[in-house]
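Chemist: What follows is a structure written as structure tokens; I'll ask about it next.
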Amino acid sequence: MIKEPTRRKIRLPRNIFYGWWIAVISASVDSMKHGTFNKGFTSYIIPLRNELGIGVAAISFAEMLGRMEGGLQGPLMGWATDRFGPRVILMFGGITSGLGFILLSFTQNYLYFICVFVGLLSLGFRAGYNNATMPAINQWFRRHRGLAMGLAGMGTAVGGTVIAPLMGFLVLSAGWRPAAFISGVVILVVVIPMSFLIRRDPESMGLRPDGDPIPENEINIGEVYTGEGQDAQRDRHGAAVLHAGEPDFMAAEAMRTPTFWMLVLAVGMRNTVHSGVTWLMVPMIVWFLMGSGRSEDGAQPIAVAFVGVMSFSLLLMTPLVGWLGDRWSKKKLSSACMIGGALSMLVLVEDTGHIWQVVAFVVLLSFSETANPLAWAIMGDFFGRRSYATLRGWQHLPDQFMSMSTPVWMGVIFDHTGSYKWALIPLVVIYCLAALFYWLIPTPKTPARVLAYQKQAEG
């Protein structure tokens, strides 16, 4: 019989599977990330443009560099997460991003802004957070992976519903410098303590994924393959031992499959749109509302409020779509989300300024955003737990290179035409291509290595 590892004492209710606490922690830190940065930073763009005397494209250039940095560091951070565990990576992200916001509040010129944004803010948010939390959730769940990642994805919605509007109105009322300083302090106070609650995998606590009981006399296929002793609980990379019936791809094996690259293309196309629209959401809505005669100053509070409306819609949809993903095809559901995204872009093409169109835009865009946690669940379903963070890191490299230029070329179009119309039309096409690629993702073939040791285990 395999010796059960010693359970660690946790100061949380014992009748709740600890994996659900991992999902709650993930949602909490993700709400800070999206509320202050992903969905919150859009409120800084117009004040920064006015104070520094630069265009939207110049500000977006910082985001392009940040995404390039995120892509280059992706494989390294993915390997580090698999090697050292998510706790260390999350802590690094919290410290770096928190200090980044604090130093951002002292910006006096464009060069300083670029250095702080790329060297600290973007580094912290793109190195930590999701690079830590999604691999952790993938380790803790199998059957309920879609729901768990959907619950974790609610952090995106909570951050956008509560934190982003609060930061936006703080920017408008107190100024962007106090808002940045406060954001940095809150991140340090919240994210760093929560990182101590993250556990790498259920096996480290004597548990199984989804809270399943440990069968007596269980044969672990990972031990059969490696030939290690009964007390072996981790492979040489530090990944959790895999149990019979789980997919088990090493990173190199997964990256040789068409499945991996089809998923990379689908997610990359989705993020190509996402990177531009979330970065420029407030300026885009302001432009649209000004089509009915509103002033820029009058349109900004409305635009900030609609960031909250979008995120509230996402808050309602994300767990539902995650639940559906565990019961229906995640690929087809993701494809439907992309069609919703294409429709959201079409709604804004003509800047009529009607409020009902902005409502339709944010609701449809929210539906498209629910595909994000589904994508990480798809990767876990196909390739398993062994090299999940490493695979996410390698996926991050082409993804960031595909999406990094979108805010810049959208900003260039606006700076030269005063309109986002001709930026929105290409985004519709990209969303439709993403829908096609999601639909066509094939199921990967089980590696011969896995088939061999499964047969040995059964024998």
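Following the order of the structure tokens, chains are lettered A, B, ..., residues in each are numbered from 1, and ligands are numbered from 1.
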Can you tell me, as a PyMOL selection string, what residues are no more than 7 Å from segment 334-351 of chain A when counting only C-alpha atoms, ignoring any on the same chain fewer than 3 positions away?

Modeler: chain A and resi 288-289+291+330-331+357+360-361+364-365+367-368+371+374+421+424+428+431-432+434-436+438-439

Chemist: List as a count of residues only the protein and nucleic acid residues near Asp415 of chain A, meaning an atom at most 12 Å away when only C-alpha atoms are counted, but skip any in the same chain fewer than 2 places from it.

Modeler: 22

Chemist: For Leu76 of chain A, find every residue with an atom within 10 Å (counting only C-alpha atoms), except residues of its own chain fewer than 4 positions away, and show them as a list of chain:residue names.

Modeler: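 Listing them by chain and then by number gives A:Gly71, A:Leu72, A:Ala80, A:Thr81, A:Ala127, A:Ala389, A:Thr390, A:Gly393, A:Trp394.
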
Chemist: Contacts of segment 257-270 of chain A at 9 Å or less, counting only C-alpha atoms, minus same-chain residues fewer than 4 places along, as a tab-separated table (two decimals) with N, CA and C atoms, in the first residue's frame?

Modeler:
chain	number	residue	atom	x	y	z
A	253	GLU	N	6.19	16.66	-25.63
A	253	GLU	CA	5.19	15.82	-26.29
A	253	GLU	C	3.97	16.63	-26.70
A	274	HIS	N	-8.67	41.23	-27.36
A	274	HIS	CA	-8.77	41.57	-25.93
A	274	HIS	C	-7.74	42.63	-25.54
A	275	SER	N	-6.52	42.51	-26.04
A	275	SER	CA	-5.45	43.42	-25.62
A	275	SER	C	-5.76	44.86	-26.00
A	338	MET	N	-16.66	33.54	-29.08
A	338	MET	CA	-15.98	34.39	-30.07
A	338	MET	C	-16.98	35.07	-31.01
A	341	GLY	N	-18.23	37.99	-29.27
A	341	GLY	CA	-17.25	39.07	-29.32
A	341	GLY	C	-17.29	39.82	-30.63
A	368	SER	N	-17.86	37.01	-24.49
A	368	SER	CA	-16.63	36.57	-25.17
A	368	SER	C	-15.49	36.35	-24.17
A	369	GLU	N	-15.46	37.15	-23.11
A	369	GLU	CA	-14.38	37.05	-22.12
A	369	GLU	C	-14.46	35.77	-21.29
A	371	ALA	N	-14.54	32.96	-22.32
A	371	ALA	CA	-13.73	31.92	-22.98
A	371	ALA	C	-12.33	31.81	-22.37
A	372	ASN	N	-11.89	32.81	-21.62
A	372	ASN	CA	-10.54	32.79	-21.08
A	372	ASN	C	-10.31	31.62	-20.11
A	375	ALA	N	-10.29	28.25	-21.86
A	375	ALA	CA	-9.08	27.88	-22.59
A	375	ALA	C	-8.09	27.14	-21.70
A	378	ILE	N	-9.37	23.67	-21.12
A	378	ILE	CA	-9.13	22.83	-22.30
A	378	ILE	C	-7.71	22.29	-22.28
A	379	MET	N	-6.74	23.15	-21.97
A	379	MET	CA	-5.35	22.71	-21.93
A	379	MET	C	-5.14	21.62	-20.88
A	382	PHE	N	-6.74	18.25	-22.03
A	382	PHE	CA	-6.01	17.58	-23.09
A	382	PHE	C	-4.65	17.05	-22.65
A	383	PHE	N	-3.92	17.83	-21.84
A	383	PHE	CA	-2.51	17.53	-21.60
A	383	PHE	C	-2.19	17.15	-20.15
A	391	LEU	N	3.64	24.51	-20.23
A	391	LEU	CA	2.89	24.66	-21.48
A	391	LEU	C	2.22	26.03	-21.56
A	395	GLN	N	2.83	28.76	-24.41
A	395	GLN	CA	1.67	29.34	-25.11
A	395	GLN	C	1.71	30.86	-25.02
A	396	HIS	N	2.21	31.36	-23.90
A	396	HIS	CA	2.22	32.80	-23.66
A	396	HIS	C	3.14	33.54	-24.63
A	398	PRO	N	3.96	33.05	-28.13
A	398	PRO	CA	3.32	33.51	-29.36
A	398	PRO	C	2.08	34.35	-29.11
A	399	ASP	N	1.37	34.04	-28.02
A	399	ASP	CA	0.16	34.80	-27.69
A	399	ASP	C	0.47	36.29	-27.51
A	400	GLN	N	1.49	36.60	-26.74
A	400	GLN	CA	1.82	38.00	-26.49
A	400	GLN	C	2.37	38.69	-27.73
A	401	PHE	N	3.11	37.96	-28.55
A	401	PHE	CA	3.61	38.55	-29.79
A	401	PHE	C	2.48	38.80	-30.78
A	402	MET	N	1.46	37.95	-30.77
A	402	MET	CA	0.31	38.16	-31.64
A	402	MET	C	-0.50	39.38	-31.22
A	403	SER	N	-0.60	39.60	-29.91
A	403	SER	CA	-1.52	40.62	-29.40
A	403	SER	C	-0.87	41.94	-29.02
A	430	ILE	N	-10.98	39.06	-36.83
A	430	ILE	CA	-10.10	38.25	-35.97
A	430	ILE	C	-10.92	37.39	-35.02
A	431	TYR	N	-11.98	37.94	-34.46
A	431	TYR	CA	-12.86	37.15	-33.59
A	431	TYR	C	-13.46	35.97	-34.34
A	433	LEU	N	-12.20	34.38	-36.94
A	433	LEU	CA	-11.15	33.39	-37.14
A	433	LEU	C	-10.89	32.60	-35.85
A	434	ALA	N	-10.93	33.29	-34.71
A	434	ALA	CA	-10.75	32.60	-33.43
A	434	ALA	C	-11.85	31.57	-33.21
A	435	ALA	N	-13.09	31.93	-33.56
A	435	ALA	CA	-14.21	30.99	-33.43
A	435	ALA	C	-13.96	29.74	-34.26
A	436	LEU	N	-13.44	29.90	-35.48
A	436	LEU	CA	-13.17	28.77	-36.35
A	436	LEU	C	-12.09	27.87	-35.76
A	437	PHE	N	-11.01	28.45	-35.26
A	437	PHE	CA	-9.91	27.66	-34.71
A	437	PHE	C	-10.33	26.92	-33.44
A	438	TYR	N	-11.11	27.56	-32.57
A	438	TYR	CA	-11.61	26.86	-31.38
A	438	TYR	C	-12.43	25.63	-31.78
A	440	LEU	N	-12.27	23.80	-34.41
A	440	LEU	CA	-11.54	22.75	-35.12
A	440	LEU	C	-10.42	22.10	-34.31
A	441	ILE	N	-10.21	22.49	-33.04
A	441	ILE	CA	-9.13	21.90	-32.24
A	441	ILE	C	-9.33	20.38	-32.12
A	442	PRO	N	-8.33	19.59	-32.55
A	442	PRO	CA	-8.48	18.12	-32.47
A	442	PRO	C	-8.07	17.59	-31.09
A	443	THR	N	-8.52	16.41	-30.76
A	443	THR	CA	-8.09	15.74	-29.53
A	443	THR	C	-6.71	15.12	-29.74
A	444	PRO	N	-5.75	15.35	-28.85
A	444	PRO	CA	-4.40	14.81	-29.07
A	444	PRO	C	-4.35	13.30	-28.85
A	445	LYS	N	-3.42	12.66	-29.56
A	445	LYS	CA	-3.21	11.23	-29.37
A	445	LYS	C	-2.39	10.98	-28.10

Chemist: Of the candidates A:Ile355, A:Val171, A:Ile16, A:Ile182, which shows the shortest atom-to-atom distance to Leu48 of chain A, using only C-alpha atoms?

Modeler: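 The answer is A:Val171, which sits nearest to Leu48 of chain A.
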
Chemist: Quick one: residues within 8 Å of Ala377 of chain A, only C-alpha atoms counted, chain neighbours fewer than 5 positions away excluded, as a list in words?

Modeler: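 The contact residues come out as Asn138, Arg145, Gly146 and Met149 of chain A.
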
Chemist: Would you mind reading off the distance between atom CA of Phe17 of chain A and atom CA of Asp201 of chain A, one decimal, in Å?

Modeler: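 Straight-line distance from atom CA of Phe17 of chain A to atom CA of Asp201 of chain A works out to 12.1 Å.
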
Chemist: Find the residue from A:Leu104, A:Leu172, A:Ala299, A:Met167 that sits nearest to Gly119 of chain A; use only C-alpha atoms when measuring.

Modeler: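 Distance minimum relative to Gly119 of chain A lands on A:Leu104.
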
Chemist: Counting only C-alpha atoms, which residue out of A:His416, A:Arg87, A:Arg449, A:Lys33 sits closest to Phe249 of chain A?

Modeler: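 Under the stated criterion, the closest residue is A:Arg449.
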